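K.L.:
Take this structure first; my questions come after.
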Amino acid sequence: MDKVKFTIEYSMKSVPIALLWTYLSTPNGLERWFCDTVKQEGKRYTFGWSGSEQEAQLMAIRSYSYMRFHWIDEKDKSYFEFRIEVSELTDNIDLVITDYSDPDELEASRDVWNNQVEALQRQLGCLD
């Protein structure tokens, strides 16, 4: 069964882009909201959650804009991406997550991202 691409947008209010980028692009930053542990060797990242690990390859990066990863064990062209967008009208910062999921796991995948990004928003003081 083919995976379904989905995108979720989160308001990060007026968090400085440089601060948000640190949370998205560094092992220490990612460990504060995305996973328990991160090991980085060049473009290979090993993410750890509760004793299990999953490896991803950094496919593309543009500083202060986006990072795109591909899970090493996935044979398809799926990826997950963190993208920072600035609203020209309001100057608010949005974090846009793009990911792929099996159709029957789409809601659960969205819930995982919602929980993880909520932890990020708490860290950055974005929640009301």
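Chain identifiers are assigned as A, B, and so on, following the order in which chains appear in the structure tokens; residues are numbered from 1 within each chain, and ligands are numbered from 1 in order of appearance.
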Extract, using only C-alpha atoms, all DNA, RNA and protein residues at most 12 Å from region 109-116 of chain A, discarding same-chain residues fewer than 3 positions from it, and format them as a ChimeraX atom specification.

P.N.:
/A:3-11,24,30-36,80-82,95-106,119-123

K.L.:
Can you tell me, as number ranges by chain, which residues in chain A count as strand (DSSP E) by DSSP?

P.N.:
A: 4-11, 37-41, 44-49, 52-62, 66-71, 80-86, 93-101

K.L.:
Can you list, as JSON, numbers by chain, every protein, DNA or RNA residue that comes within 10 Å of Glu41 (chain A) when you count only C-alpha atoms, leaving out same-chain residues fewer than 4 positions away?

P.N.:
{"A": [45, 46, 57]}

K.L.:
Find the residues near region 89-94 of chain A: any atom within 9 Å, counting only C-alpha atoms, skip ones fewer than 6 places away on the same chain, and give them as a list in words.

P.N.:
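My reading of the contact set: Glu9, Tyr10, Ser11, Met12, Lys13, Ser14, Val15, Pro16, Ile17 and Arg83 of chain A.
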
K.L.:
With all heavy atoms kept, could you save the residues just selected as a PDB file, in the first residue's frame?

P.N.:
```pdb
ATOM      1  N   GLU A   9       0.540  22.518   9.608  1.00  0.00           N
ATOM      2  CA  GLU A   9       1.135  23.824   9.867  1.00  0.00           C
ATOM      3  C   GLU A   9       0.861  24.235  11.312  1.00  0.00           C
ATOM      4  O   GLU A   9      -0.268  24.123  11.792  1.00  0.00           O
ATOM      5  CB  GLU A   9       0.511  24.841   8.904  1.00  0.00           C
ATOM      6  CG  GLU A   9       1.215  26.145   8.846  1.00  0.00           C
ATOM      7  CD  GLU A   9       0.691  27.000   7.705  1.00  0.00           C
ATOM      8  OE1 GLU A   9       0.672  26.521   6.546  1.00  0.00           O
ATOM      9  OE2 GLU A   9       0.297  28.148   7.973  1.00  0.00           O
ATOM     10  N   TYR A  10       1.898  24.703  11.984  1.00  0.00           N
ATOM     11  CA  TYR A  10       1.788  25.114  13.386  1.00  0.00           C
ATOM     12  C   TYR A  10       2.257  26.551  13.534  1.00  0.00           C
ATOM     13  O   TYR A  10       3.327  26.910  13.036  1.00  0.00           O
ATOM     14  CB  TYR A  10       2.669  24.230  14.283  1.00  0.00           C
ATOM     15  CG  TYR A  10       2.327  22.766  14.216  1.00  0.00           C
ATOM     16  CD1 TYR A  10       2.990  21.923  13.341  1.00  0.00           C
ATOM     17  CD2 TYR A  10       1.332  22.226  15.028  1.00  0.00           C
ATOM     18  CE1 TYR A  10       2.682  20.576  13.281  1.00  0.00           C
ATOM     19  CE2 TYR A  10       1.019  20.884  14.973  1.00  0.00           C
ATOM     20  CZ  TYR A  10       1.699  20.066  14.096  1.00  0.00           C
ATOM     21  OH  TYR A  10       1.391  18.727  14.034  1.00  0.00           O
ATOM     22  N   SER A  11       1.502  27.338  14.269  1.00  0.00           N
ATOM     23  CA  SER A  11       1.900  28.706  14.554  1.00  0.00           C
ATOM     24  C   SER A  11       2.941  28.707  15.665  1.00  0.00           C
ATOM     25  O   SER A  11       2.738  28.135  16.730  1.00  0.00           O
ATOM     26  CB  SER A  11       0.697  29.546  14.985  1.00  0.00           C
ATOM     27  OG  SER A  11       1.145  30.823  15.405  1.00  0.00           O
ATOM     28  N   MET A  12       4.047  29.359  15.390  1.00  0.00           N
ATOM     29  CA  MET A  12       5.097  29.512  16.393  1.00  0.00           C
ATOM     30  C   MET A  12       5.147  30.968  16.866  1.00  0.00           C
ATOM     31  O   MET A  12       6.139  31.406  17.452  1.00  0.00           O
ATOM     32  CB  MET A  12       6.447  29.074  15.810  1.00  0.00           C
ATOM     33  CG  MET A  12       6.445  27.646  15.261  1.00  0.00           C
ATOM     34  SD  MET A  12       5.850  26.386  16.406  1.00  0.00           S
ATOM     35  CE  MET A  12       7.252  26.234  17.474  1.00  0.00           C
ATOM     36  N   LYS A  13       4.078  31.694  16.568  1.00  0.00           N
ATOM     37  CA  LYS A  13       3.928  33.103  16.958  1.00  0.00           C
ATOM     38  C   LYS A  13       5.119  33.911  16.457  1.00  0.00           C
ATOM     39  O   LYS A  13       5.467  33.826  15.296  1.00  0.00           O
ATOM     40  CB  LYS A  13       3.690  33.226  18.443  1.00  0.00           C
ATOM     41  CG  LYS A  13       2.467  32.405  18.870  1.00  0.00           C
ATOM     42  CD  LYS A  13       1.734  32.995  19.968  1.00  0.00           C
ATOM     43  CE  LYS A  13       0.503  32.122  20.206  1.00  0.00           C
ATOM     44  NZ  LYS A  13      -0.272  32.516  21.279  1.00  0.00           N
ATOM     45  N   SER A  14       5.749  34.665  17.326  1.00  0.00           N
ATOM     46  CA  SER A  14       6.853  35.524  16.889  1.00  0.00           C
ATOM     47  C   SER A  14       8.190  35.055  17.449  1.00  0.00           C
ATOM     48  O   SER A  14       9.078  35.853  17.740  1.00  0.00           O
ATOM     49  CB  SER A  14       6.585  36.972  17.283  1.00  0.00           C
ATOM     50  OG  SER A  14       6.403  37.058  18.691  1.00  0.00           O
ATOM     51  N   VAL A  15       8.350  33.742  17.576  1.00  0.00           N
ATOM     52  CA  VAL A  15       9.623  33.180  18.041  1.00  0.00           C
ATOM     53  C   VAL A  15      10.717  33.568  17.041  1.00  0.00           C
ATOM     54  O   VAL A  15      10.508  33.468  15.832  1.00  0.00           O
ATOM     55  CB  VAL A  15       9.515  31.639  18.153  1.00  0.00           C
ATOM     56  CG1 VAL A  15      10.867  30.997  18.330  1.00  0.00           C
ATOM     57  CG2 VAL A  15       8.589  31.255  19.278  1.00  0.00           C
ATOM     58  N   PRO A  16      11.868  33.997  17.515  1.00  0.00           N
ATOM     59  CA  PRO A  16      12.958  34.306  16.581  1.00  0.00           C
ATOM     60  C   PRO A  16      13.324  33.084  15.734  1.00  0.00           C
ATOM     61  O   PRO A  16      13.451  31.973  16.259  1.00  0.00           O
ATOM     62  CB  PRO A  16      14.117  34.708  17.498  1.00  0.00           C
ATOM     63  CG  PRO A  16      13.466  35.133  18.779  1.00  0.00           C
ATOM     64  CD  PRO A  16      12.226  34.285  18.905  1.00  0.00           C
ATOM     65  N   ILE A  17      13.484  33.300  14.455  1.00  0.00           N
ATOM     66  CA  ILE A  17      13.786  32.198  13.543  1.00  0.00           C
ATOM     67  C   ILE A  17      15.063  31.479  13.961  1.00  0.00           C
ATOM     68  O   ILE A  17      15.136  30.249  13.923  1.00  0.00           O
ATOM     69  CB  ILE A  17      13.874  32.689  12.083  1.00  0.00           C
ATOM     70  CG1 ILE A  17      12.479  33.091  11.601  1.00  0.00           C
ATOM     71  CG2 ILE A  17      14.466  31.630  11.177  1.00  0.00           C
ATOM     72  CD1 ILE A  17      12.445  33.711  10.227  1.00  0.00           C
ATOM     73  N   ARG A  83       9.890  22.817   7.959  1.00  0.00           N
ATOM     74  CA  ARG A  83      10.035  24.031   7.150  1.00  0.00           C
ATOM     75  C   ARG A  83       9.549  25.233   7.960  1.00  0.00           C
ATOM     76  O   ARG A  83       8.484  25.184   8.567  1.00  0.00           O
ATOM     77  CB  ARG A  83       9.236  23.910   5.853  1.00  0.00           C
ATOM     78  CG  ARG A  83       9.365  25.118   4.942  1.00  0.00           C
ATOM     79  CD  ARG A  83       8.681  24.888   3.598  1.00  0.00           C
ATOM     80  NE  ARG A  83       9.334  23.845   2.829  1.00  0.00           N
ATOM     81  CZ  ARG A  83      10.346  24.047   1.980  1.00  0.00           C
ATOM     82  NH1 ARG A  83      10.826  25.251   1.818  1.00  0.00           N
ATOM     83  NH2 ARG A  83      10.859  23.042   1.315  1.00  0.00           N
TER      84      ARG A  83
END
```

K.L.:
Fewer than 3 positions away in the same chain doesn't count, so skip those; otherwise give me all residues within 9 Å of Arg44 (chain A), counting only C-alpha atoms, as a list in words.

P.N.:
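In the requested format, the answer is Lys39, Gln40, Glu41, Glu55, Ala56, Gln57, Leu58 and Ile72 of chain A.
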
K.L.:
Using DSSP assignments from the backbone, pull out every residue in chain A that falls under helix (DSSP H, G or I) and give it to me as an MDAnalysis selection string.

P.N.:
chainID A and resid 17:25 27:31 103:124

K.L.:
Select, from A:Leu124, A:Asn28, A:Val86, A:Glu74, the residue with the minimum atom-to-atom distance to Phe47 (chain A), counting only C-alpha atoms.

P.N.:
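Smallest separation from Phe47 (chain A) among the options: A:Asn28.
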
K.L.:
Enter the distance from CA of Glu88 (chain A) to CA of Arg62 (chain A), in Å, rounded to one decimal.

P.N.:
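Value for the CA of Glu88 (chain A)-CA of Arg62 (chain A) distance: 19.6 Å.
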
K.L.:
In Å to one decimal, how far is CA of Gln54 (chain A) from CA of Lys77 (chain A)?

P.N.:
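Atom-to-atom, CA of Lys77 (chain A) to CA of Gln54 (chain A), that is 16.7 Å.
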
K.L.:
Rounded to one decimal in Å, what is the spacing between CA of Ser78 (chain A) and CA of Tyr66 (chain A)?

P.N.:
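Rounded to one decimal, the two atoms are 16.0 Å apart.
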
K.L.:
Could you name the residues that touch Asp76 (chain A) at 10 Å or less, counting only C-alpha atoms, but leaving out those on the same chain fewer than 5 positions away, as a PyMOL selection string?

P.N.:
chain A and resi 2-3+70-71

K.L.:
Counting only C-alpha atoms, which residue out of A:Arg68, A:Glu53, A:Leu127, A:Trp21 sits closest to Val38 (chain A)?

P.N.:
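Among the listed residues, A:Glu53 lies closest to Val38 (chain A).
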
K.L.:
Which of these residues is nearest to Met67 (chain A), using only C-alpha atoms: A:Gly48, A:Tyr23, A:Glu107, A:Thr37?

P.N.:
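Using only C-alpha atoms, Met67 (chain A) sits closest to A:Tyr23.
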